[in-house]
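S.K.: Coordinates in structure_33.cif, mmCIF, C-alpha atoms and all ligand atoms, are listed below.
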```cif
data_coords
#
loop_
_atom_site.label_atom_id
_atom_site.label_comp_id
_atom_site.auth_asym_id
_atom_site.auth_seq_id
_atom_site.Cartn_x
_atom_site.Cartn_y
_atom_site.Cartn_z
CA MET Z 1 20.84 112.63 62.67
CA GLY Z 2 23.48 114.96 64.05
CA PHE Z 3 23.65 113.07 67.32
CA LYS Z 4 23.90 109.82 65.43
CA ASN Z 5 26.92 111.20 63.58
CA LEU Z 6 28.51 112.31 66.81
CA PHE Z 7 27.93 108.88 68.27
CA ASN Z 8 29.53 107.27 65.26
CA SER Z 9 32.57 109.53 65.32
CA LYS Z 10 32.87 108.96 69.07
CA LYS Z 11 32.91 105.24 68.47
CA ILE Z 12 35.66 105.57 65.90
CA LEU Z 13 37.65 107.84 68.20
CA SER Z 14 37.41 105.47 71.13
CA LEU Z 15 38.46 102.60 68.90
CA LEU Z 16 41.53 104.54 67.76
CA ALA Z 17 42.31 105.50 71.35
CA VAL Z 18 42.15 101.84 72.39
CA PHE Z 19 44.54 100.92 69.57
CA MET Z 20 46.93 103.66 70.59
CA LEU Z 21 46.85 102.63 74.23
CA ALA Z 22 47.33 99.01 73.32
CA GLY Z 23 50.30 100.02 71.16
CA THR Z 24 52.01 102.02 73.90
CA ASP Z 25 51.21 99.29 76.42
CA MET Z 26 52.96 96.74 74.25
CA LEU Z 27 55.94 99.06 73.98
CA PHE Z 28 56.10 99.51 77.72
CA ALA Z 29 55.88 95.75 78.15
CA GLN Z 30 58.87 95.36 75.82
CA GLY Z 31 60.66 98.05 77.78
CA THR Z 32 60.27 96.17 81.07
CA GLU Z 33 61.34 92.94 79.45
CA ALA Z 34 64.49 94.55 78.13
CA ALA Z 35 65.12 96.15 81.52
CA GLY Z 36 64.77 92.75 83.15
CA ALA Z 37 67.32 91.24 80.80
CA ALA Z 38 69.84 94.01 81.28
CA ALA Z 39 69.02 95.97 84.39
CA THR Z 40 71.88 98.41 83.96
CA ASP Z 41 70.71 99.52 80.48
CA ALA Z 42 70.01 103.21 80.10
CA PRO Z 43 66.33 103.98 79.42
CA LYS Z 44 65.69 103.78 75.68
CA ASP Z 45 63.91 106.61 73.99
CA ASN Z 46 60.50 105.47 72.96
CA GLY Z 47 59.81 107.13 69.62
CA LEU Z 48 56.60 105.23 68.96
CA ALA Z 49 55.19 105.95 72.41
CA THR Z 50 55.87 109.67 71.90
CA ALA Z 51 54.19 109.54 68.49
CA GLY Z 52 51.23 107.73 70.08
CA TYR Z 53 50.99 110.46 72.71
CA TYR Z 54 50.85 113.20 70.08
CA ILE Z 55 48.29 111.31 68.00
CA LEU Z 56 46.14 110.90 71.12
CA MET Z 57 46.48 114.59 71.90
CA PHE Z 58 45.47 115.41 68.34
CA LEU Z 59 42.41 113.18 68.61
CA VAL Z 60 41.45 114.80 71.94
CA VAL Z 61 41.72 118.27 70.37
CA CYS Z 62 39.59 117.09 67.39
CA PHE Z 63 37.05 115.71 69.83
CA PHE Z 64 36.78 119.02 71.71
CA ILE Z 65 36.42 120.97 68.47
CA GLY Z 66 33.61 118.52 67.57
CA ILE Z 67 31.92 119.18 70.90
CA ILE Z 68 32.10 122.96 70.39
CA GLY Z 69 30.53 122.44 66.94
CA LYS Z 70 27.74 120.42 68.49
CA VAL Z 71 27.12 123.10 71.17
CA PHE Z 72 26.61 125.64 68.40
CA ARG Z 73 24.32 123.25 66.57
CA VAL Z 74 22.19 122.80 69.71
CA TYR Z 75 22.08 126.60 70.11
CA ASP Z 76 20.93 126.92 66.47
CA LEU Z 77 18.18 124.32 66.96
CA THR Z 78 16.90 125.99 70.15
CA GLN Z 79 16.76 129.31 68.32
CA GLN Z 80 14.71 127.65 65.57
CA ILE Z 81 12.34 126.05 68.09
CA ARG Z 82 11.83 129.46 69.69
CA GLY Z 83 11.01 130.82 66.25
CA LYS Z 84 14.10 133.09 66.21
CA GLN Z 85 16.65 133.52 63.44
CA PRO Z 86 19.42 130.87 63.59
CA MET Z 87 23.01 131.98 63.59
CA ASN Z 88 24.19 133.43 60.26
CA TRP Z 89 27.25 131.29 59.62
CA ASN Z 90 28.19 133.20 56.48
CA ASN Z 91 28.64 136.34 58.57
CA VAL Z 92 30.57 134.45 61.22
CA MET Z 93 32.95 132.85 58.70
CA GLY Z 94 33.38 136.12 56.76
CA THR Z 95 34.29 137.98 59.96
CA LEU Z 96 36.67 135.19 61.02
CA PHE Z 97 38.45 135.47 57.66
CA LEU Z 98 38.83 139.21 58.19
CA ILE Z 99 40.21 138.67 61.70
CA PHE Z 100 42.58 136.02 60.28
CA LEU Z 101 43.81 138.53 57.67
CA ILE Z 102 44.47 141.25 60.24
CA ALA Z 103 46.14 138.82 62.69
CA GLY Z 104 48.19 137.30 59.85
CA LEU Z 105 49.38 140.67 58.56
CA TYR Z 106 50.30 141.68 62.09
CA GLY Z 107 52.24 138.39 62.28
CA VAL Z 108 54.15 139.37 59.12
CA TYR Z 109 54.90 142.81 60.59
CA TRP Z 110 55.97 141.22 63.90
CA SER Z 111 58.23 138.73 62.13
CA PHE Z 112 59.84 141.48 60.05
CA THR Z 113 60.52 143.70 63.04
CA THR Z 114 61.47 141.02 65.61
CA HIS Z 115 63.32 138.55 63.40
CA GLY Z 116 64.43 141.31 61.02
CA SER Z 117 66.67 142.69 63.75
CA MET Z 118 68.41 139.30 63.97
CA ILE Z 119 69.28 139.24 60.26
CA LEU Z 120 72.93 138.81 59.25
CA PRO Z 121 74.90 142.01 58.68
CA SER Z 122 75.95 142.84 55.11
CA ALA Z 123 78.28 140.25 53.62
CA ALA Z 124 81.93 140.13 54.65
CA SER Z 125 83.04 138.53 51.38
CA GLU Z 126 83.36 139.79 47.83
CA HIS Z 127 80.71 137.59 46.23
CA GLY Z 128 78.40 137.95 49.26
CA GLY Z 129 77.29 141.41 48.14
CA VAL Z 130 75.91 139.96 44.88
CA LEU Z 131 73.98 137.30 46.80
CA ASP Z 132 72.59 139.94 49.16
CA THR Z 133 71.40 142.04 46.21
CA MET Z 134 69.68 138.98 44.79
CA PHE Z 135 68.06 138.17 48.12
CA TRP Z 136 66.71 141.69 48.61
CA THR Z 137 65.52 141.97 45.00
CA THR Z 138 63.60 138.70 45.35
CA THR Z 139 62.16 139.81 48.70
CA GLY Z 140 61.30 143.23 47.26
CA ILE Z 141 59.32 141.65 44.42
CA THR Z 142 57.64 138.80 46.28
CA MET Z 143 56.67 140.58 49.53
CA PRO Z 144 54.33 143.23 48.00
CA VAL Z 145 52.77 140.50 45.83
CA PHE Z 146 52.23 138.36 48.93
CA ILE Z 147 50.64 141.19 50.93
CA ILE Z 148 48.40 142.38 48.05
CA THR Z 149 47.16 138.87 47.20
CA GLN Z 150 46.41 138.03 50.87
CA ILE Z 151 44.46 141.28 51.33
CA LEU Z 152 42.50 140.65 48.12
CA LEU Z 153 41.82 137.01 48.98
CA PHE Z 154 40.45 137.55 52.49
CA THR Z 155 38.70 140.87 51.78
CA PHE Z 156 36.85 139.24 48.87
CA LEU Z 157 35.86 136.34 51.11
CA PHE Z 158 34.40 138.82 53.57
CA LYS Z 159 32.86 141.28 51.10
CA TYR Z 160 31.21 138.69 48.87
CA ARG Z 161 30.03 136.28 51.55
CA TYR Z 162 26.61 134.78 50.88
CA ASN Z 163 23.76 137.22 51.01
CA ALA Z 164 20.23 136.13 50.04
CA LYS Z 165 19.49 139.60 48.68
CA ARG Z 166 22.43 139.67 46.32
CA ARG Z 167 22.81 137.87 43.02
CA GLY Z 168 26.20 136.73 41.81
CA HIS Z 169 27.53 137.92 38.45
CA PHE Z 170 27.97 134.99 36.06
CA LEU Z 171 31.45 135.04 34.51
CA PRO Z 172 32.27 131.71 32.88
CA HIS Z 173 35.52 132.72 31.18
CA ASN Z 174 37.68 135.71 30.35
CA ASN Z 175 40.75 135.30 28.17
CA THR Z 176 42.28 138.66 29.07
CA ILE Z 177 42.28 137.89 32.79
CA GLU Z 178 43.68 134.41 32.12
CA LYS Z 179 46.50 135.87 30.01
CA VAL Z 180 47.40 138.54 32.57
CA TRP Z 181 47.61 136.22 35.55
CA THR Z 182 49.55 133.60 33.62
CA ILE Z 183 52.00 135.78 31.73
CA ALA Z 184 52.82 138.32 34.46
CA PRO Z 185 53.99 135.76 37.08
CA ALA Z 186 55.76 133.76 34.35
CA ILE Z 187 57.82 136.81 33.35
CA VAL Z 188 58.63 137.73 36.96
CA LEU Z 189 59.66 134.17 37.85
CA THR Z 190 61.74 133.78 34.68
CA VAL Z 191 63.60 137.01 35.47
CA LEU Z 192 64.23 135.88 39.06
CA VAL Z 193 65.41 132.39 38.03
CA ILE Z 194 67.73 133.75 35.31
CA PHE Z 195 69.06 136.37 37.73
CA GLY Z 196 69.75 133.60 40.25
CA PHE Z 197 71.35 131.39 37.63
CA PHE Z 198 73.79 134.09 36.48
CA THR Z 199 74.61 135.06 40.05
CA TRP Z 200 75.48 131.46 40.94
CA GLN Z 201 77.47 131.13 37.69
CA SER Z 202 79.49 134.22 38.55
CA ILE Z 203 80.29 132.81 42.00
CA MET Z 204 80.99 129.18 41.12
CA ASN Z 205 81.86 129.00 37.43
CA SER Z 206 83.43 132.29 36.39
CA VAL Z 207 87.03 132.51 35.14
CA ASP Z 208 87.97 133.97 38.51
CA ALA Z 209 86.25 131.19 40.42
CA LYS Z 210 87.45 128.29 38.29
CA GLY Z 211 90.48 129.39 36.31
CA GLN Z 212 92.57 131.41 38.77
CA PRO Z 213 94.37 129.47 41.48
CA ALA Z 214 93.45 130.68 44.96
CA SER Z 215 96.01 132.34 47.23
CA ILE Z 216 95.15 130.05 50.12
CA ASN Z 217 94.18 126.41 49.82
CA ILE Z 218 92.48 124.84 52.82
CA ASP Z 219 91.09 121.36 53.17
CA ILE Z 220 88.02 121.15 55.35
CA THR Z 221 86.81 117.67 56.25
CA GLY Z 222 83.57 116.96 58.03
CA HIS Z 223 82.92 113.91 60.16
CA GLN Z 224 80.50 113.15 62.94
CA PHE Z 225 80.88 115.56 64.74
CA ALA Z 226 83.67 117.98 63.92
CA TRP Z 227 85.42 119.84 61.15
CA GLU Z 228 89.12 119.14 60.51
CA LEU Z 229 91.31 121.76 58.86
CA ARG Z 230 94.44 121.18 56.84
CA TYR Z 231 96.67 123.94 55.48
CA THR Z 232 99.41 123.70 52.92
CA GLY Z 233 103.00 123.81 54.13
CA LYS Z 234 105.89 125.68 52.51
CA ASP Z 235 105.37 123.93 49.16
CA GLY Z 236 101.91 125.52 48.86
CA LYS Z 237 100.40 122.14 47.97
CA LEU Z 238 98.06 119.84 49.82
CA GLY Z 239 99.18 116.23 49.80
CA LYS Z 240 96.96 113.43 48.55
CA THR Z 241 94.57 111.60 50.83
CA ASN Z 242 93.18 108.11 50.68
CA TYR Z 243 90.24 106.99 52.75
CA LYS Z 244 91.82 103.54 53.16
CA LEU Z 245 94.62 105.12 55.19
CA VAL Z 246 92.28 106.71 57.75
CA ASN Z 247 92.99 105.55 61.30
CA GLY Z 248 93.26 106.91 64.84
CA THR Z 249 96.60 108.64 64.24
CA ASN Z 250 96.08 109.53 60.59
CA LYS Z 251 92.51 110.73 60.86
CA LEU Z 252 92.40 112.43 57.46
CA GLY Z 253 94.06 109.49 55.73
CA LEU Z 254 97.02 111.44 54.32
CA ASP Z 255 99.00 109.51 51.79
CA PHE Z 256 102.67 109.92 52.66
CA THR Z 257 103.83 108.46 49.39
CA ASP Z 258 103.00 111.95 48.16
CA LYS Z 259 105.79 114.31 49.20
CA ALA Z 260 103.36 117.23 49.28
CA SER Z 261 101.80 115.68 52.40
CA PHE Z 262 104.95 116.04 54.49
CA ASP Z 263 104.68 119.69 55.36
CA ASP Z 264 100.88 119.92 55.54
CA LEU Z 265 99.66 121.64 58.67
CA GLN Z 266 96.70 121.05 60.91
CA ALA Z 267 94.82 123.87 62.57
CA ASP Z 268 92.07 124.34 65.14
CA THR Z 269 90.95 127.75 63.91
CA MET Z 270 90.43 128.78 60.32
CA VAL Z 271 92.67 131.83 60.06
CA ILE Z 272 92.62 133.58 56.68
CA PRO Z 273 94.14 136.81 55.40
CA VAL Z 274 91.81 139.60 54.29
CA ASN Z 275 91.40 140.38 50.57
CA LYS Z 276 93.02 137.12 49.45
CA SER Z 277 91.09 134.44 47.61
CA VAL Z 278 90.56 131.33 49.69
CA ARG Z 279 89.72 127.94 48.26
CA LEU Z 280 88.00 125.55 50.62
CA ASN Z 281 88.33 121.95 49.48
CA ILE Z 282 85.34 120.28 51.05
CA HIS Z 283 85.31 116.62 52.10
CA SER Z 284 83.19 114.37 54.24
CA GLN Z 285 84.14 111.08 55.84
CA ASP Z 286 80.74 109.71 56.78
CA VAL Z 287 77.42 111.41 56.06
CA ILE Z 288 76.50 114.56 54.17
CA HIS Z 289 77.56 117.68 56.07
CA SER Z 290 77.42 121.24 54.87
CA VAL Z 291 80.13 123.87 55.19
CA TYR Z 292 78.39 127.07 56.21
CA ILE Z 293 80.07 130.42 56.94
CA PRO Z 294 77.05 132.70 57.17
CA HIS Z 295 78.88 136.05 57.26
CA PHE Z 296 80.69 135.22 54.01
CA ARG Z 297 77.53 133.80 52.39
CA VAL Z 298 79.43 130.56 51.86
CA GLN Z 299 77.59 127.28 51.92
CA LEU Z 300 78.23 124.03 50.13
CA ASN Z 301 77.50 120.42 50.99
CA ALA Z 302 80.30 118.08 52.06
CA VAL Z 303 79.49 114.79 50.36
CA PRO Z 304 81.40 111.57 51.10
CA GLY Z 305 83.32 110.39 48.07
CA MET Z 306 82.62 113.58 46.13
CA PRO Z 307 84.99 116.43 47.01
CA THR Z 308 83.67 119.90 46.24
CA TYR Z 309 85.15 123.36 46.65
CA PHE Z 310 84.10 126.92 47.27
CA LYS Z 311 86.22 129.97 46.51
CA PHE Z 312 85.65 133.27 48.24
CA LYS Z 313 87.45 136.42 49.24
CA PRO Z 314 86.93 137.87 52.74
CA ILE Z 315 86.82 141.66 52.67
CA LEU Z 316 86.41 142.52 56.36
CA THR Z 317 88.78 141.41 59.11
CA THR Z 318 87.38 140.10 62.39
CA THR Z 319 88.52 143.35 64.06
CA GLN Z 320 86.72 145.44 61.44
CA MET Z 321 83.57 143.38 61.84
CA ARG Z 322 83.74 143.74 65.63
CA ALA Z 323 83.90 147.52 65.24
CA LYS Z 324 81.13 147.51 62.63
CA LEU Z 325 78.77 145.47 64.79
CA ASP Z 326 79.96 147.06 68.02
CA LYS Z 327 80.49 143.59 69.46
CA PRO Z 328 83.99 143.27 70.92
CA ASP Z 329 83.74 139.48 71.23
CA PHE Z 330 82.36 138.78 67.75
CA GLU Z 331 83.85 135.83 65.84
CA TYR Z 332 83.12 134.48 62.38
CA GLU Z 333 82.18 130.82 62.48
CA VAL Z 334 82.13 127.86 60.16
CA LEU Z 335 79.17 125.65 60.97
CA CYS Z 336 77.54 122.49 59.69
CA ASN Z 337 74.23 123.26 58.03
CA LYS Z 338 72.98 119.70 57.56
CA ILE Z 339 71.28 117.90 60.39
CA CYS Z 340 73.90 115.17 60.31
CA GLY Z 341 73.22 113.41 63.61
CA GLY Z 342 72.85 113.77 67.36
CA SER Z 343 75.75 116.16 68.00
CA HIS Z 344 75.34 118.14 64.78
CA TYR Z 345 75.28 121.37 66.80
CA ASN Z 346 78.85 120.66 67.91
CA MET Z 347 80.24 121.06 64.40
CA LYS Z 348 81.64 124.54 64.48
CA LYS Z 349 84.99 126.25 64.33
CA ILE Z 350 86.05 129.83 64.67
CA VAL Z 351 87.09 131.65 61.49
CA ARG Z 352 89.41 134.59 61.97
CA VAL Z 353 90.13 137.09 59.23
CA VAL Z 354 93.41 138.90 59.81
CA SER Z 355 96.03 140.95 57.97
CA GLU Z 356 98.58 139.19 55.76
CA ALA Z 357 101.35 139.70 58.36
CA GLU Z 358 99.23 138.31 61.17
CA TYR Z 359 98.32 135.36 58.96
CA GLN Z 360 101.96 134.55 58.22
CA ALA Z 361 102.84 134.80 61.92
CA TRP Z 362 99.97 132.47 62.81
CA LEU Z 363 100.85 130.02 60.05
CA ALA Z 364 104.43 129.77 61.31
CA GLN Z 365 103.11 128.53 64.65
CA GLN Z 366 100.90 125.77 63.28
CA LYS Z 367 101.87 122.18 63.91
CA PRO Z 368 102.59 119.77 61.08
CA TYR Z 369 100.05 117.06 60.44
CA LEU Z 370 102.90 114.55 60.39
CA THR Z 371 103.38 114.35 64.15
CA ASP Z 372 106.11 112.36 65.88
CA LYS Z 373 103.50 109.82 66.87
CA LEU Z 374 102.46 109.39 63.26
CA LYS Z 375 106.07 109.18 62.12
CA GLN Z 376 106.68 106.51 64.73
CA LYS Z 377 103.66 104.61 63.59
CA LEU Z 378 104.72 104.74 59.97
CA HIS Z 379 108.18 103.54 60.92
CA PHE Z 380 106.64 100.64 62.77
CA ALA Z 381 104.80 99.74 59.65
CA ASP Z 382 108.11 100.10 57.88
CA ALA Z 383 109.59 97.05 59.64
CA PRO Z 384 111.60 94.83 57.27
CA ALA Z 385 109.32 91.84 57.71
CA ASP Z 386 106.47 93.77 56.17
CA SER Z 387 108.44 95.97 53.79
CA THR Z 388 106.72 94.93 50.59
CA LYS Z 389 103.35 96.02 51.87
CA VAL Z 390 104.36 99.54 52.79
CA GLN Z 391 107.02 100.09 50.18
CA GLY Z 392 105.46 103.36 49.17
CA ASN Z 393 105.44 104.83 52.64
CA ARG Z 394 109.04 103.81 53.29
CA LEU Z 395 110.24 105.41 50.10
CA ALA Z 396 108.35 108.58 50.75
CA LEU Z 397 109.62 108.90 54.30
CA ASN Z 398 113.20 108.39 53.23
CA ASN Z 399 113.01 111.11 50.64
CU CU Z 401 77.48 117.87 60.06
#
```
Could you spell out this file's structure in structure tokens?
M.R.:
Amino acid sequence: MGFKNLFNSKKILSLLAVFMLAGTDMLFAQGTEAAGAAATDAPKDNGLATAGYYILMFLVVCFFIGIIGKVFRVYDLTQQIRGKQPMNWNNVMGTLFLIFLIAGLYGVYWSFTTHGSMILPSAASEHGGVLDTMFWTTTGITMPVFIITQILLFTFLFKYRYNAKRRGHFLPHNNTIEKVWTIAPAIVLTVLVIFGFFTWQSIMNSVDAKGQPASINIDITGHQFAWELRYTGKDGKLGKTNYKLVNGTNKLGLDFTDKASFDDLQADTMVIPVNKSVRLNIHSQDVIHSVYIPHFRVQLNAVPGMPTYFKFKPILTTTQMRAKLDKPDFEYEVLCNKICGGSHYNMKKIVRVVSEAEYQAWLAQQKPYLTDKLKQKLHFADAPADSTKVQGNRLALNN
């Protein structure tokens, strides 16, 4: 019977293997055809063939596990023929569960010590401290629960494994136990969720976050694969943008019918003064990106067509952080935290937190977004023959 089953499963496996091979073969055939048509083409990545390879590997592993099972079965049968006790599988499984528990708990310990040392230092922004408290409170509550439940689960599996000499206690229902294990987690989770809700409210929706204007207003625009930064000029205002105006020279699509656009500045590094509130106006030009400044505990998605913003206040300068971490070359970074395409990893810029004086000195050196090239281009568009079309731009430039 057992051998018949093995035979059957073998048949199914071979059938699947043949299908997989046929599939990859067809793909390769297509590959050669394509190569024949355009010999200079770069080799295409063969997603399906790779998937086929992994499925085959999986089937091979399953097959070997099956063989090991059968070896044990044969061993069991020979023991029986010899009139000896067959293997006690309940003991084997019980012991394996215990080993799994010990190995798993060691894994938790290893992860905490090895990865724990890589954890971010305490937040370098005002609201970050609140988020850190929330994180550690949640971890403090959930970790002991996790460890206790895992120990109970696997120890019970081992301790109460099947034993012919022992009779199980029949317990069909117990309301008290039901109430305890329903109400206790419900209370804990409700407290955690409400705690999280109020924390997020205080960061995103408080009077300070929504009502008060920020000291510094920065536009951050994500596109595949870079962040673009725009600072306000002397007027302290960011000019309007319009996606229809985006082109090679005007890559953010600034609308120069808005006077506020004239003195806007572009920057390669995000330099911000310490202890001043910063408002990041977040935009995306193509797919969803995510503005992520880990040391400030700032993260918000950049969604095309739906500008968002995040306000925060840095409390430690780059120099202070370097001293704190004892890393002389440390830099804060703004990253993209959405896998937005092939060169996603390229989307980062340095963030430097400096004193107010240093910030002003840096700002004075930044180049205007309205470059000579852009001016020239707008003037070209301003030619009399086409004046009606770009009336707005002409008026704005003459102002
Ligand atoms: Cu991105």
S.K.: If we count all atoms listed in the file and set the cut-off at 10 Å, which residues sit around region 92-96 of chain Z, ignoring sequence neighbours fewer than 5 positions away in its own chain? Please answer as a ChimeraX atom specification.
M.R.: /Z:87,101-102,154-162
S.K.: Could I get the residue neighbourhood of ligand CU 401 (chain Z) at 7 Å, counting all atoms listed in the file, as JSON, numbers by chain?
M.R.: {"Z": [222, 223, 224, 225, 288, 289, 290, 336, 337, 338, 339, 340, 344, 347]}
S.K.: How would the residues just chosen look if you wrote them out with C-alpha atoms as a JSON list (two decimals), in the coordinates of the input?
M.R.:
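And here's again13.json as it stands now:
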```
[["chain", "number", "residue", "atom", "x", "y", "z"],
["Z", 222, "GLY", "CA", 83.57, 116.96, 58.03],
["Z", 223, "HIS", "CA", 82.92, 113.91, 60.16],
["Z", 224, "GLN", "CA", 80.50, 113.15, 62.94],
["Z", 225, "PHE", "CA", 80.88, 115.56, 64.74],
["Z", 288, "ILE", "CA", 76.50, 114.56, 54.17],
["Z", 289, "HIS", "CA", 77.56, 117.68, 56.07],
["Z", 290, "SER", "CA", 77.42, 121.24, 54.87],
["Z", 336, "CYS", "CA", 77.54, 122.49, 59.69],
["Z", 337, "ASN", "CA", 74.23, 123.26, 58.03],
["Z", 338, "LYS", "CA", 72.98, 119.70, 57.56],
["Z", 339, "ILE", "CA", 71.28, 117.90, 60.39],
["Z", 340, "CYS", "CA", 73.90, 115.17, 60.31],
["Z", 344, "HIS", "CA", 75.34, 118.14, 64.78],
["Z", 347, "MET", "CA", 80.24, 121.06, 64.40]]
```
S.K.: Which neighbours of Ser284 (chain Z) fall inside 10 Å, counting all atoms listed in the file, when residues of the same chain fewer than 5 positions from it are skipped, and could you give them as a list in words?
M.R.: Ile220, Thr221, Gly222, His223, Gln224, Trp227, Glu228, Leu252, His289, Ser290, Asn301, Ala302, Val303, Pro304, Gly305, Met306, Pro307 and Thr308 of chain Z
S.K.: What is the distance between CA of Ala123 (chain Z) and CA of Leu229 (chain Z), in Å to one decimal?
M.R.: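 Straight-line distance from CA of Ala123 (chain Z) to CA of Leu229 (chain Z) works out to 23.2 Å.
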S.K.: Z:Asn90, Z:Leu370, Z:Asn46, Z:Gly116: which is nearest Thr249 (chain Z), counting all atoms listed in the file?
M.R.: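 Under the stated criterion, the closest residue is Z:Leu370.
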S.K.: Which distance in Å separates CA of Glu358 (chain Z) and CA of Gln299 (chain Z), to one decimal?
M.R.: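 Calculated distance between CA of Glu358 (chain Z) and CA of Gln299 (chain Z) is 26.0 Å.
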S.K.: Taking (77.8, 144.6, 64.1) as a centre in this file's frame and 12 Å as the limit, can you find every polymer residue with an atom that close, using all atoms listed in the file, and give them as a VMD selection string?
M.R.: chain Z and resid 117 to 124 295 316 318 to 332
S.K.: Just to confirm, what's the straight-line distance from CA of Asn217 (chain Z) to CA of Phe312 (chain Z) in Å (one decimal)?
M.R.: 11.1 Å
S.K.: Build an axis-aligned box that encloses every atom of region 55-61 of chain Z listed in the file, pad it by 6 Å on each side, and report its centre and edge lengths in Å to one decimal, as AutoDock Vina command-line options.
M.R.:
```
--center_x 44.9 --center_y 114.6 --center_z 70.0 --size_x 18.8 --size_y 19.4 --size_z 15.9
```
S.K.: Counting all atoms listed in the file, which residues in region 309-393 of chain Z sit no more than 8 Å from region 279-282 of chain Z? For each one, give the nearest pair of atoms and the distance in Å, sorted by chain then residue number, as a Markdown table.
M.R.:
```
| residue | atom | partner | partner_atom | distance |
| --- | --- | --- | --- | --- |
| Z:Tyr309 | CA | Z:Asn281 | CA | 4.5 |
| Z:Phe310 | CA | Z:Leu280 | CA | 5.3 |
| Z:Lys311 | CA | Z:Arg279 | CA | 4.4 |
| Z:Phe312 | CA | Z:Arg279 | CA | 6.7 |
```
S.K.: Tell me, as a VMD selection string, which residues lie within 12 Å of Phe72 (chain Z), counting only C-alpha atoms; anything in the same chain fewer than 5 positions away does not count.
M.R.: chain Z and resid 2 65 to 67 77 to 79 86 to 89
S.K.: Taking only C-alpha atoms into account, which of Z:Thr241, Z:Ser343, Z:Thr199, Z:Ser277 comes nearest Ala214 (chain Z)?
M.R.: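 For Ala214 (chain Z), the nearest of the candidates is Z:Ser277.
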S.K.: Calculated over all atoms listed in the file, which of the candidates Z:Ile203, Z:Met270, Z:Ala260, Z:Ala364 has the smallest distance to Glu126 (chain Z)?
M.R.: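 Among Z:Ile203, Z:Met270, Z:Ala260, Z:Ala364, it is Z:Ile203 that comes nearest to Glu126 (chain Z).
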